[in-house]
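All remarks here apply to the structure that follows.
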Amino acid sequence: MSWRQDKTLWGLTLGLAALLLLNFVVPDWFRNILTLSLARGSVALGLLVLWRCGLISFGHALYFGFGAYTVGLMSRYLGITDAFLTIACGVVTAGLLAYGLGFLLRQYRGIFFALLNMAFSMILYGVLAKLEELGSTDGISLEATTYLWYAPLGAENKTALFVFAVILTWGVAVLVHLYLRSTLGNMTTAVRENEIRLGYLGYSGERAVHAKYVISGLLGGFGGAIAVLTIGHVDPDSMVYWPVSGDFVFIAILSGTGNVVAPFIGALMYELIRTYAFDQFPGIWQLIMGGTLLAIIMFLPNGLWSLVDRGRSRAGAGALPAEREEG
Amino acid sequence: MSASSRTRFMALTAALAVLLAAGAASAQTVKVAVPTFLTGGGAPTYGVPAKNGVELVVRAINEGTLPAPYNSVGMAGRKVDLVVYDETGGGTKQVTELRNKVQKEGVDVVAGYISSGSCAAIARVAEELQVLTLLSVCGTPRIFEELVKEPKYLFRIINHSTGGNVGAAHYVVRKLRGEVKDGYIGINQNYAWGQDAWRDFNLAMQTLAPELKPANKQQFPKLFSGQYGTEISVLLRAKQKLVHSSFWGGDLEAFIAQGSARGLFKRKRFVLPVGEITANRLGKKFPPGQLARGPYGLYAEGIDTPLNKWFRSEFRKAYKQPPSSPAYHYADSIVAAKYAYDTAMKANGGKFPSTDQVIKALEHATFDILAAKVKMALGKGHQAVTSDRWGYAEWDDAKGEIVVKDVVEFKAECVNPPEGVNAADWVKGGMKGAKCD
Amino acid sequence: MDPELLLIILVDGLVYGSYLFMVAVGLTVICGVQKLLNVTHGALYAFGAYLAATLLILYFRVDWPEYGAFAVMLLAALFLGVVFGLIIERGLLRHLYHEDEHIIVLATFAAFLVLEDVLLLIWGTDPYLAPEPLGLLGSTEIAGLPFDNYSLSMVLLSAVVASVLWYGLNRTQFGKLLLAVIYDRELAQAMGINVNRIFLLTFMLGSFLGALGGAYQAPAISVQPGIGVEVIVLAFAVVVIGGMGSIPGALIGSVIVGVARAFAVHQEPALELFVIYLIMATVLIVRPQGLFAPAKPRTI
């Protein structure tokens, strides 16, 4: 398929333009939510990549937190606040961790895979909560972010971060989309369908899973780095504890696996529902969140994106075959 | 796009618009946002009493029924519009929520926060958002020493945690030096608050009574673990008679239940820097003779200022129990806000003051809170110091409630570092410059 | 090391291990039969603790025999087991069995979030204390230290629960049916076994055990919001260590974790926080299917 026909690429680019324009219109608090959605959406995108081979991780806060702490520690101990450098390091360290753990994890499937991830994230949580050098449960606060030679302050910094995050996330989403479209990307659907047959075809299921896992780790680190720059603070309870991993899976389910755009929309919906529930029902906001998730599972099992797919197929334009999900 | 999915999208867009529009605040009130634990393990012993204290004082401020000098209606003449919300969920949620409250709902003052993790996370954001923020409970001294060294909008109306633990050491040395010759051991929750509390107490003890030695290894069970059988065995076996524990809430209650069943409190003497709340709650079941601290909650019982008497009697009337320290802390933050607004208005010739004027009124100020006098002495006039009271909590059969005995009050200058000195360094360096008499 | 300390570590470890077992056994049963991880288990533990504490407070107001308190706890757990079994299994899970196993876990996670707030709506945020049963049984001196018999009775309770489950599974008609369903759900159905009913009964049993864990802990803790969250991770860890759905595995796993933890607390308290996760990770690396679960053949 040529570049020009790829609706997802067009959609992503339109989204990029729209977000950059929105920057001038939306109030600060909403822009903050948008940036956070990009961060969480990236992690959920990582889960989507894994899901292509039928795997899901209940511990991706491990990579989210790893990326976030890399950025935080660089600011605290090395005085490095440059966004390019810190994000790059956050992504790379998370990727390396995923690469290392991948050798072990690629042998597991199903619920074992999910839980083993959780075990590792809880070990990281324990280390972080224990060590005062790493900020203990109070966490680490960041110095103001800089961008190469550009060091904006206050509101200008928030604008810069937003533009920066939007462009980077766009790049990341495009890369992931192209990867999923490729043969290697498609092969993993076969891992989910029947791994042993895949082996007879001469492909290694384990290696395919490993590659996917590293990608999801990189995306987790990226999301964590963006999140910590947005929040300006990193602590184990809101970045590494197991319910954080639950939130990512929540977003992935909410979004559906249909398209790389979906996780970002899902993340935004998640943030908005949470904000609204928090405002209107301060004592029972968890009930609202849980209820929403249940409703999605029961009535929209393929996530919000299935609304778009449904709309499309009714309008006669078939969705891209590579991105169709089996129910 | 089909008709039905178009309707869905329109509904979503409409919902979004409503959310975006929900901002505009009314100009004729002072809008105060109060973050406190409404759910989770922090809610029962901290969050909910704190909320009760705030609601009581805000009602009184809006009716003008608070005793002098706070008996005028409202803050600088404007009524208080209160927004209480949940502090559960860690720093990220709190930062996001603070932005929402300030930028979406136009909040003028934020008064609250229990967990030092929340405070650490929002400290710089509050400065960036330029919103007057009065921290109510969170203990960590790092706020003004490390996170925000040039504060403008951020204040804290109570001692940081160092004060309480240094006060504990002073009390032990003055009252129990002969009784605890075998030294002391610590059991604290394994997170920042517990780690800091032990460090401060231990260092202060080494300065004040170097002949008393700490045990080789201290216990740091996981926060909210609720099972302390093994730790209780270790404490029972330890030769040290004195035990320091900054446990609070459900953990402390479980620890007391399990320890009492094994006679732990008959053999050991406990120092509980935040035990007051639990003593209040457990009443008769609170093991007698254990140390806890004030000047809030129980320890405010004997303090005869009109403000304190009003608060105690009104709180009992409204909630059928005496106010515990979180109720005091949160209510005190509101009182401090009222003080700042009213003083700033006076200075402004009777007109409603700007935020900058309110801040000016609060910096370096000395004023009455419910049961004490605070001096905004540290952190460039943003961190309060108050005196610290210690004593034994004991059940009083005649009164039918728990009382404190043998209370000693330590001056603010005795338990707090002087301005410009980092609390941890101060304790480590032998607490130079402390004025204890 | 001196033998007295060893004995104390062993006793402490057994007590903590039996706590873990009681927290995890309900999850293990459901996991073994229905092949699903039930996050609502945490909420059941909390409901069990709340209901038991409430009933105990009422019970000790009237002048009935004190030992009746144990019956109160048991009844609270039975009631919750039946009610929750019906609501969650019939109302929610039954509609999702055809879905991916991850979706089912997530559905129980969602239900857990809802139930946490339902707890708040029913009981409010005030903690409930009912420590009377703790003093009922007196205490025993072991190696020079007093141990309360209530905690020691947890060890006995765990042993009884494990034996009854083992007997039920291996020596009764229902157990045989259960094993058939565990081995091959579809084949069992084809043979005329009413799998739906077995699932419902299993879920009720698991829920009952979860609630019983909470109910029996109620006197020793302060029953308040958030207690459910803490036990989920522990219970998951035990299930993973023991092998998904293996009851002997859960028992042995709990004891291993309990003794290792007691050892850490006595000798090197800094390690306490990590013990359970380290054991979990080690087991998963060395014996991924868990200590006691049989390895499964891969199907083509």
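Going by the structure tokens order, chains are called A, B, ..., each with residues numbered from 1, while ligands are numbered from 1 in the order shown.
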Go through chain B residue by residue and, counting only C-alpha atoms, keep those with an atom at most 7 Å from chain A; for each kept residue give the shortest atom pair and its distance in Å to one decimal, ordered by chain and increasing number, as a tab-separated table.
```
residue	atom	partner	partner_atom	distance
B:Met1	CA	A:Gly311	CA	4.9
B:Ser2	CA	A:Gly311	CA	5.2
B:Ser5	CA	A:Gly311	CA	6.0
B:Leu38	CA	A:Gly283	CA	5.9
B:Thr39	CA	A:Gly283	CA	6.5
B:Tyr85	CA	A:Pro282	CA	5.6
B:Asp86	CA	A:Pro282	CA	6.0
B:Gly89	CA	A:Ser238	CA	6.4
B:Gly90	CA	A:Ser238	CA	4.6
B:Gly91	CA	A:Ser238	CA	5.9
B:Thr92	CA	A:Ser238	CA	5.6
B:Val95	CA	A:Ile231	CA	6.4
B:Arg99	CA	A:Trp29	CA	5.5
B:Asn100	CA	A:Trp29	CA	5.4
B:Gln103	CA	A:Trp29	CA	5.8
B:Lys104	CA	A:Trp29	CA	6.5
B:Ser116	CA	A:Asp138	CA	6.4
B:Gly117	CA	A:Asp138	CA	4.1
B:Ala120	CA	A:Asp138	CA	6.3
B:Ala121	CA	A:His233	CA	5.5
B:Glu128	CA	A:Gly154	CA	6.3
B:Asn190	CA	A:Lys130	CA	6.6
B:Tyr191	CA	A:Thr137	CA	5.5
B:Ala192	CA	A:Thr137	CA	5.3
```
Using only C-alpha atoms, which chain C residues lie at most 8 Å away from chain B, written as a VMD selection string?
chain C and resid 8 to 9 12 to 13 15 to 16 120 125 to 127 131 134 to 135 139 145 to 148 220 to 227 230 262 265 to 266 268 to 270 272 to 273
Grab the residues selected above and save them as a short mmCIF file (atom, residue, chain, number, x, y, z; two decimals), in the first residue's frame with N, CA, C and O atoms.
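Saved result, result17.cif, follows:
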```
data_model
loop_
_atom_site.label_atom_id
_atom_site.label_comp_id
_atom_site.auth_asym_id
_atom_site.auth_seq_id
_atom_site.Cartn_x
_atom_site.Cartn_y
_atom_site.Cartn_z
N ILE C 8 11.50 -19.83 67.15
CA ILE C 8 10.64 -18.64 67.04
C ILE C 8 10.41 -18.27 65.59
O ILE C 8 9.28 -17.96 65.17
N ILE C 9 11.49 -18.32 64.79
CA ILE C 9 11.34 -18.01 63.36
C ILE C 9 10.35 -18.97 62.72
O ILE C 9 9.49 -18.57 61.93
N ASP C 12 6.79 -17.99 63.93
CA ASP C 12 6.39 -16.75 63.25
C ASP C 12 6.10 -17.01 61.77
O ASP C 12 5.14 -16.51 61.21
N GLY C 13 6.98 -17.81 61.17
CA GLY C 13 6.82 -18.11 59.76
C GLY C 13 5.55 -18.88 59.48
O GLY C 13 4.84 -18.61 58.51
N VAL C 15 2.83 -18.86 61.30
CA VAL C 15 1.68 -17.98 61.51
C VAL C 15 1.47 -17.09 60.29
O VAL C 15 0.37 -16.98 59.75
N TYR C 16 2.56 -16.47 59.82
CA TYR C 16 2.42 -15.59 58.66
C TYR C 16 2.04 -16.41 57.43
O TYR C 16 1.21 -15.99 56.62
N LEU C 120 -17.38 1.45 50.84
CA LEU C 120 -17.43 2.79 51.44
C LEU C 120 -18.87 3.25 51.62
O LEU C 120 -19.22 3.85 52.62
N THR C 125 -16.23 5.48 56.13
CA THR C 125 -14.78 5.42 56.24
C THR C 125 -14.31 5.10 57.65
O THR C 125 -13.13 4.91 57.88
N ASP C 126 -15.23 5.06 58.61
CA ASP C 126 -14.81 4.78 59.98
C ASP C 126 -14.27 3.36 60.11
O ASP C 126 -14.89 2.41 59.64
N PRO C 127 -13.14 3.18 60.78
CA PRO C 127 -12.62 1.83 61.00
C PRO C 127 -13.49 1.06 61.99
O PRO C 127 -14.13 1.66 62.86
N PRO C 131 -11.67 -6.57 68.59
CA PRO C 131 -10.54 -7.41 68.99
C PRO C 131 -10.89 -8.45 70.06
O PRO C 131 -10.01 -9.22 70.43
N LEU C 134 -9.63 -12.05 69.97
CA LEU C 134 -8.18 -12.19 70.06
C LEU C 134 -7.75 -12.60 71.46
O LEU C 134 -6.79 -13.34 71.64
N GLY C 135 -8.48 -12.10 72.47
CA GLY C 135 -8.12 -12.43 73.84
C GLY C 135 -8.76 -13.71 74.36
O GLY C 135 -8.41 -14.20 75.42
N SER C 139 -2.94 -17.28 75.77
CA SER C 139 -1.68 -17.31 75.04
C SER C 139 -0.79 -18.45 75.53
O SER C 139 -1.01 -19.04 76.58
N LEU C 145 8.87 -16.74 74.59
CA LEU C 145 8.06 -15.61 74.13
C LEU C 145 6.58 -15.97 74.20
O LEU C 145 6.18 -17.09 73.88
N PRO C 146 5.74 -15.00 74.61
CA PRO C 146 4.30 -15.27 74.58
C PRO C 146 3.76 -15.18 73.14
O PRO C 146 4.08 -14.25 72.43
N PHE C 147 2.99 -16.16 72.73
CA PHE C 147 2.28 -16.11 71.44
C PHE C 147 0.79 -16.21 71.74
O PHE C 147 0.39 -17.02 72.58
N ASP C 148 -0.01 -15.38 71.08
CA ASP C 148 -1.45 -15.48 71.34
C ASP C 148 -2.02 -16.67 70.59
O ASP C 148 -1.67 -16.92 69.43
N ALA C 220 -7.93 -9.13 64.44
CA ALA C 220 -6.52 -8.79 64.65
C ALA C 220 -6.14 -7.47 63.98
O ALA C 220 -5.05 -6.96 64.19
N ILE C 221 -7.03 -6.94 63.15
CA ILE C 221 -6.65 -5.72 62.43
C ILE C 221 -7.70 -4.64 62.67
O ILE C 221 -8.69 -4.85 63.35
N SER C 222 -7.42 -3.48 62.13
CA SER C 222 -8.39 -2.42 62.12
C SER C 222 -9.06 -2.46 60.76
O SER C 222 -8.40 -2.28 59.74
N VAL C 223 -10.34 -2.78 60.74
CA VAL C 223 -11.02 -3.00 59.46
C VAL C 223 -11.36 -1.64 58.86
O VAL C 223 -12.18 -0.90 59.41
N GLN C 224 -10.73 -1.30 57.76
CA GLN C 224 -10.95 0.02 57.17
C GLN C 224 -10.66 0.02 55.68
O GLN C 224 -10.14 -0.97 55.15
N PRO C 225 -11.01 1.12 55.00
CA PRO C 225 -10.85 1.14 53.55
C PRO C 225 -9.42 0.81 53.14
O PRO C 225 -8.47 1.18 53.84
N GLY C 226 -9.27 0.13 52.03
CA GLY C 226 -7.93 -0.12 51.50
C GLY C 226 -7.36 -1.48 51.86
O GLY C 226 -6.36 -1.88 51.27
N ILE C 227 -7.99 -2.22 52.80
CA ILE C 227 -7.38 -3.49 53.19
C ILE C 227 -7.43 -4.51 52.05
O ILE C 227 -6.59 -5.39 51.97
N GLU C 230 -4.35 -4.43 49.54
CA GLU C 230 -3.09 -4.98 50.03
C GLU C 230 -3.00 -6.49 49.85
O GLU C 230 -1.92 -7.03 49.63
N ALA C 262 9.94 -14.43 57.93
CA ALA C 262 10.26 -14.39 59.35
C ALA C 262 11.77 -14.36 59.55
O ALA C 262 12.30 -13.64 60.40
N VAL C 265 12.92 -10.81 58.79
CA VAL C 265 12.56 -9.84 59.82
C VAL C 265 13.46 -10.00 61.05
O VAL C 265 13.91 -9.02 61.63
N HIS C 266 13.77 -11.24 61.40
CA HIS C 266 14.62 -11.45 62.57
C HIS C 266 16.08 -11.14 62.29
O HIS C 266 16.78 -10.62 63.15
N GLU C 268 17.61 -9.85 58.99
CA GLU C 268 18.00 -8.77 58.07
C GLU C 268 16.74 -8.03 57.62
O GLU C 268 16.29 -8.19 56.49
N PRO C 269 16.18 -7.18 58.52
CA PRO C 269 14.87 -6.59 58.23
C PRO C 269 14.83 -5.79 56.93
O PRO C 269 13.74 -5.62 56.36
N ALA C 270 15.97 -5.33 56.44
CA ALA C 270 15.94 -4.54 55.20
C ALA C 270 15.39 -5.35 54.03
O ALA C 270 14.90 -4.80 53.06
N GLU C 272 12.89 -7.51 54.14
CA GLU C 272 11.51 -7.94 54.34
C GLU C 272 10.61 -7.63 53.15
O GLU C 272 9.85 -8.47 52.68
N LEU C 273 10.76 -6.41 52.64
CA LEU C 273 9.87 -5.93 51.57
C LEU C 273 9.99 -6.79 50.31
O LEU C 273 9.04 -6.94 49.55
#
```
Do you have, as a tab-separated table, the list of residues of range 399-420 of chain B lying at most 12 Å from range 201-215 of chain B, each with its nearest atom pair and that distance in Å to one decimal, counting only C-alpha atoms and ordered by chain then number?
```
residue	atom	partner	partner_atom	distance
B:Cys414	CA	B:Ala204	CA	11.7
B:Val415	CA	B:Ala204	CA	9.7
B:Asn416	CA	B:Ala204	CA	11.4
B:Pro417	CA	B:Ala204	CA	11.8
```
Mind checking DSSP for range 1-142 of chain C and telling me the alpha helix (DSSP H) residues as a PyMOL selection string?
chain C and resi 3-34+40-59+68-84+91+101-123+132-136
Would you output that residue set with C-alpha atoms, as a compact mmCIF listing (two decimals), in the first residue's frame?
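Saved file out_36.txt follows:
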```txt
# COMPACT_ATOMS: atom_id res chain seq x y z
CA PRO C 3 17.85 -23.08 68.51
CA GLU C 4 15.41 -20.92 70.43
CA LEU C 5 15.55 -18.29 67.73
CA LEU C 6 15.11 -20.94 65.05
CA LEU C 7 12.01 -22.18 66.80
CA ILE C 8 10.64 -18.64 67.04
CA ILE C 9 11.34 -18.01 63.36
CA LEU C 10 9.56 -21.23 62.52
CA VAL C 11 6.50 -20.33 64.58
CA ASP C 12 6.39 -16.75 63.25
CA GLY C 13 6.82 -18.11 59.76
CA LEU C 14 4.02 -20.63 60.15
CA VAL C 15 1.68 -17.98 61.51
CA TYR C 16 2.42 -15.59 58.66
CA GLY C 17 2.33 -18.44 56.17
CA SER C 18 -1.10 -19.51 57.35
CA TYR C 19 -2.28 -15.93 56.99
CA LEU C 20 -1.02 -16.01 53.40
CA PHE C 21 -2.66 -19.34 52.76
CA MET C 22 -6.01 -18.18 54.08
CA VAL C 23 -5.74 -15.06 51.95
CA ALA C 24 -4.80 -17.01 48.83
CA VAL C 25 -6.71 -20.29 49.00
CA GLY C 26 -9.98 -18.90 47.64
CA LEU C 27 -8.16 -17.41 44.71
CA THR C 28 -6.37 -20.72 44.14
CA VAL C 29 -9.60 -22.71 44.01
CA ILE C 30 -11.20 -20.42 41.44
CA CYS C 31 -8.01 -20.20 39.46
CA GLY C 32 -7.64 -23.97 39.37
CA VAL C 33 -11.15 -24.82 38.23
CA GLN C 34 -12.17 -21.84 36.17
CA THR C 40 -12.55 -9.27 43.22
CA HIS C 41 -10.96 -11.67 45.68
CA GLY C 42 -9.44 -8.61 47.41
CA ALA C 43 -12.89 -7.08 47.80
CA LEU C 44 -14.21 -10.34 49.22
CA TYR C 45 -11.50 -10.35 51.81
CA ALA C 46 -12.51 -6.80 52.73
CA PHE C 47 -16.23 -7.60 52.77
CA GLY C 48 -15.51 -10.62 54.96
CA ALA C 49 -13.57 -8.47 57.40
CA TYR C 50 -16.19 -5.72 57.46
CA LEU C 51 -19.18 -7.99 57.89
CA ALA C 52 -17.45 -10.08 60.55
CA ALA C 53 -16.31 -7.00 62.47
CA THR C 54 -19.79 -5.48 62.35
CA LEU C 55 -21.45 -8.70 63.48
CA LEU C 56 -18.85 -9.29 66.18
CA ILE C 57 -19.39 -5.83 67.62
CA LEU C 58 -23.12 -6.57 67.78
CA TYR C 59 -22.54 -10.06 69.11
CA GLY C 68 -20.10 -18.14 69.49
CA ALA C 69 -17.91 -15.44 67.96
CA PHE C 70 -16.27 -18.09 65.80
CA ALA C 71 -19.62 -19.20 64.48
CA VAL C 72 -20.41 -15.57 63.70
CA MET C 73 -17.28 -15.27 61.56
CA LEU C 74 -18.04 -18.49 59.75
CA LEU C 75 -21.63 -17.48 59.04
CA ALA C 76 -20.54 -14.07 57.74
CA ALA C 77 -18.17 -15.77 55.30
CA LEU C 78 -20.79 -18.32 54.18
CA PHE C 79 -23.33 -15.60 53.56
CA LEU C 80 -20.90 -13.55 51.49
CA GLY C 81 -19.73 -16.59 49.56
CA VAL C 82 -23.25 -17.39 48.41
CA VAL C 83 -24.29 -13.81 47.69
CA PHE C 84 -21.13 -12.87 45.83
CA GLY C 91 -24.24 -11.53 36.86
CA GLU C 101 -8.70 -14.68 29.68
CA HIS C 102 -7.16 -11.20 29.98
CA ILE C 103 -10.52 -9.58 29.43
CA ILE C 104 -11.95 -11.65 32.27
CA VAL C 105 -9.16 -10.59 34.62
CA LEU C 106 -9.81 -7.00 33.68
CA ALA C 107 -13.54 -7.40 34.24
CA THR C 108 -12.86 -8.64 37.74
CA PHE C 109 -10.48 -5.69 38.22
CA ALA C 110 -13.31 -3.35 37.21
CA ALA C 111 -15.71 -5.13 39.53
CA PHE C 112 -13.12 -4.79 42.28
CA LEU C 113 -12.98 -1.01 41.80
CA VAL C 114 -16.76 -0.86 42.01
CA LEU C 115 -16.90 -3.08 45.09
CA GLU C 116 -14.27 -0.99 46.89
CA ASP C 117 -16.56 2.00 46.70
CA VAL C 118 -19.63 -0.06 47.54
CA LEU C 119 -17.81 -0.91 50.76
CA LEU C 120 -17.43 2.79 51.44
CA LEU C 121 -21.09 3.38 50.70
CA ILE C 122 -22.19 0.63 53.09
CA TRP C 123 -19.73 1.05 55.94
CA GLU C 132 -12.48 -9.42 71.62
CA PRO C 133 -11.92 -12.86 70.02
CA LEU C 134 -8.18 -12.19 70.06
CA GLY C 135 -8.12 -12.43 73.84
CA LEU C 136 -10.55 -15.33 74.03
```
Can you tell me, as a VMD selection string, what residues are no more than 10 Å from range 116-124 of chain A when counting only C-alpha atoms, ignoring any on the same chain fewer than 6 positions away?
(chain A and resid 56 to 66 101 104 to 105 108 130 236 240 to 242 245 to 246) or (chain C and resid 233 236 to 237 240 273 to 281 284 to 285 288)
To one decimal in Å, tell me the separation between CA of Leu272 in chain B and CA of Tyr184 in chain B.
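Answer for the CA of Leu272 in chain B to CA of Tyr184 in chain B separation: 13.1 Å.
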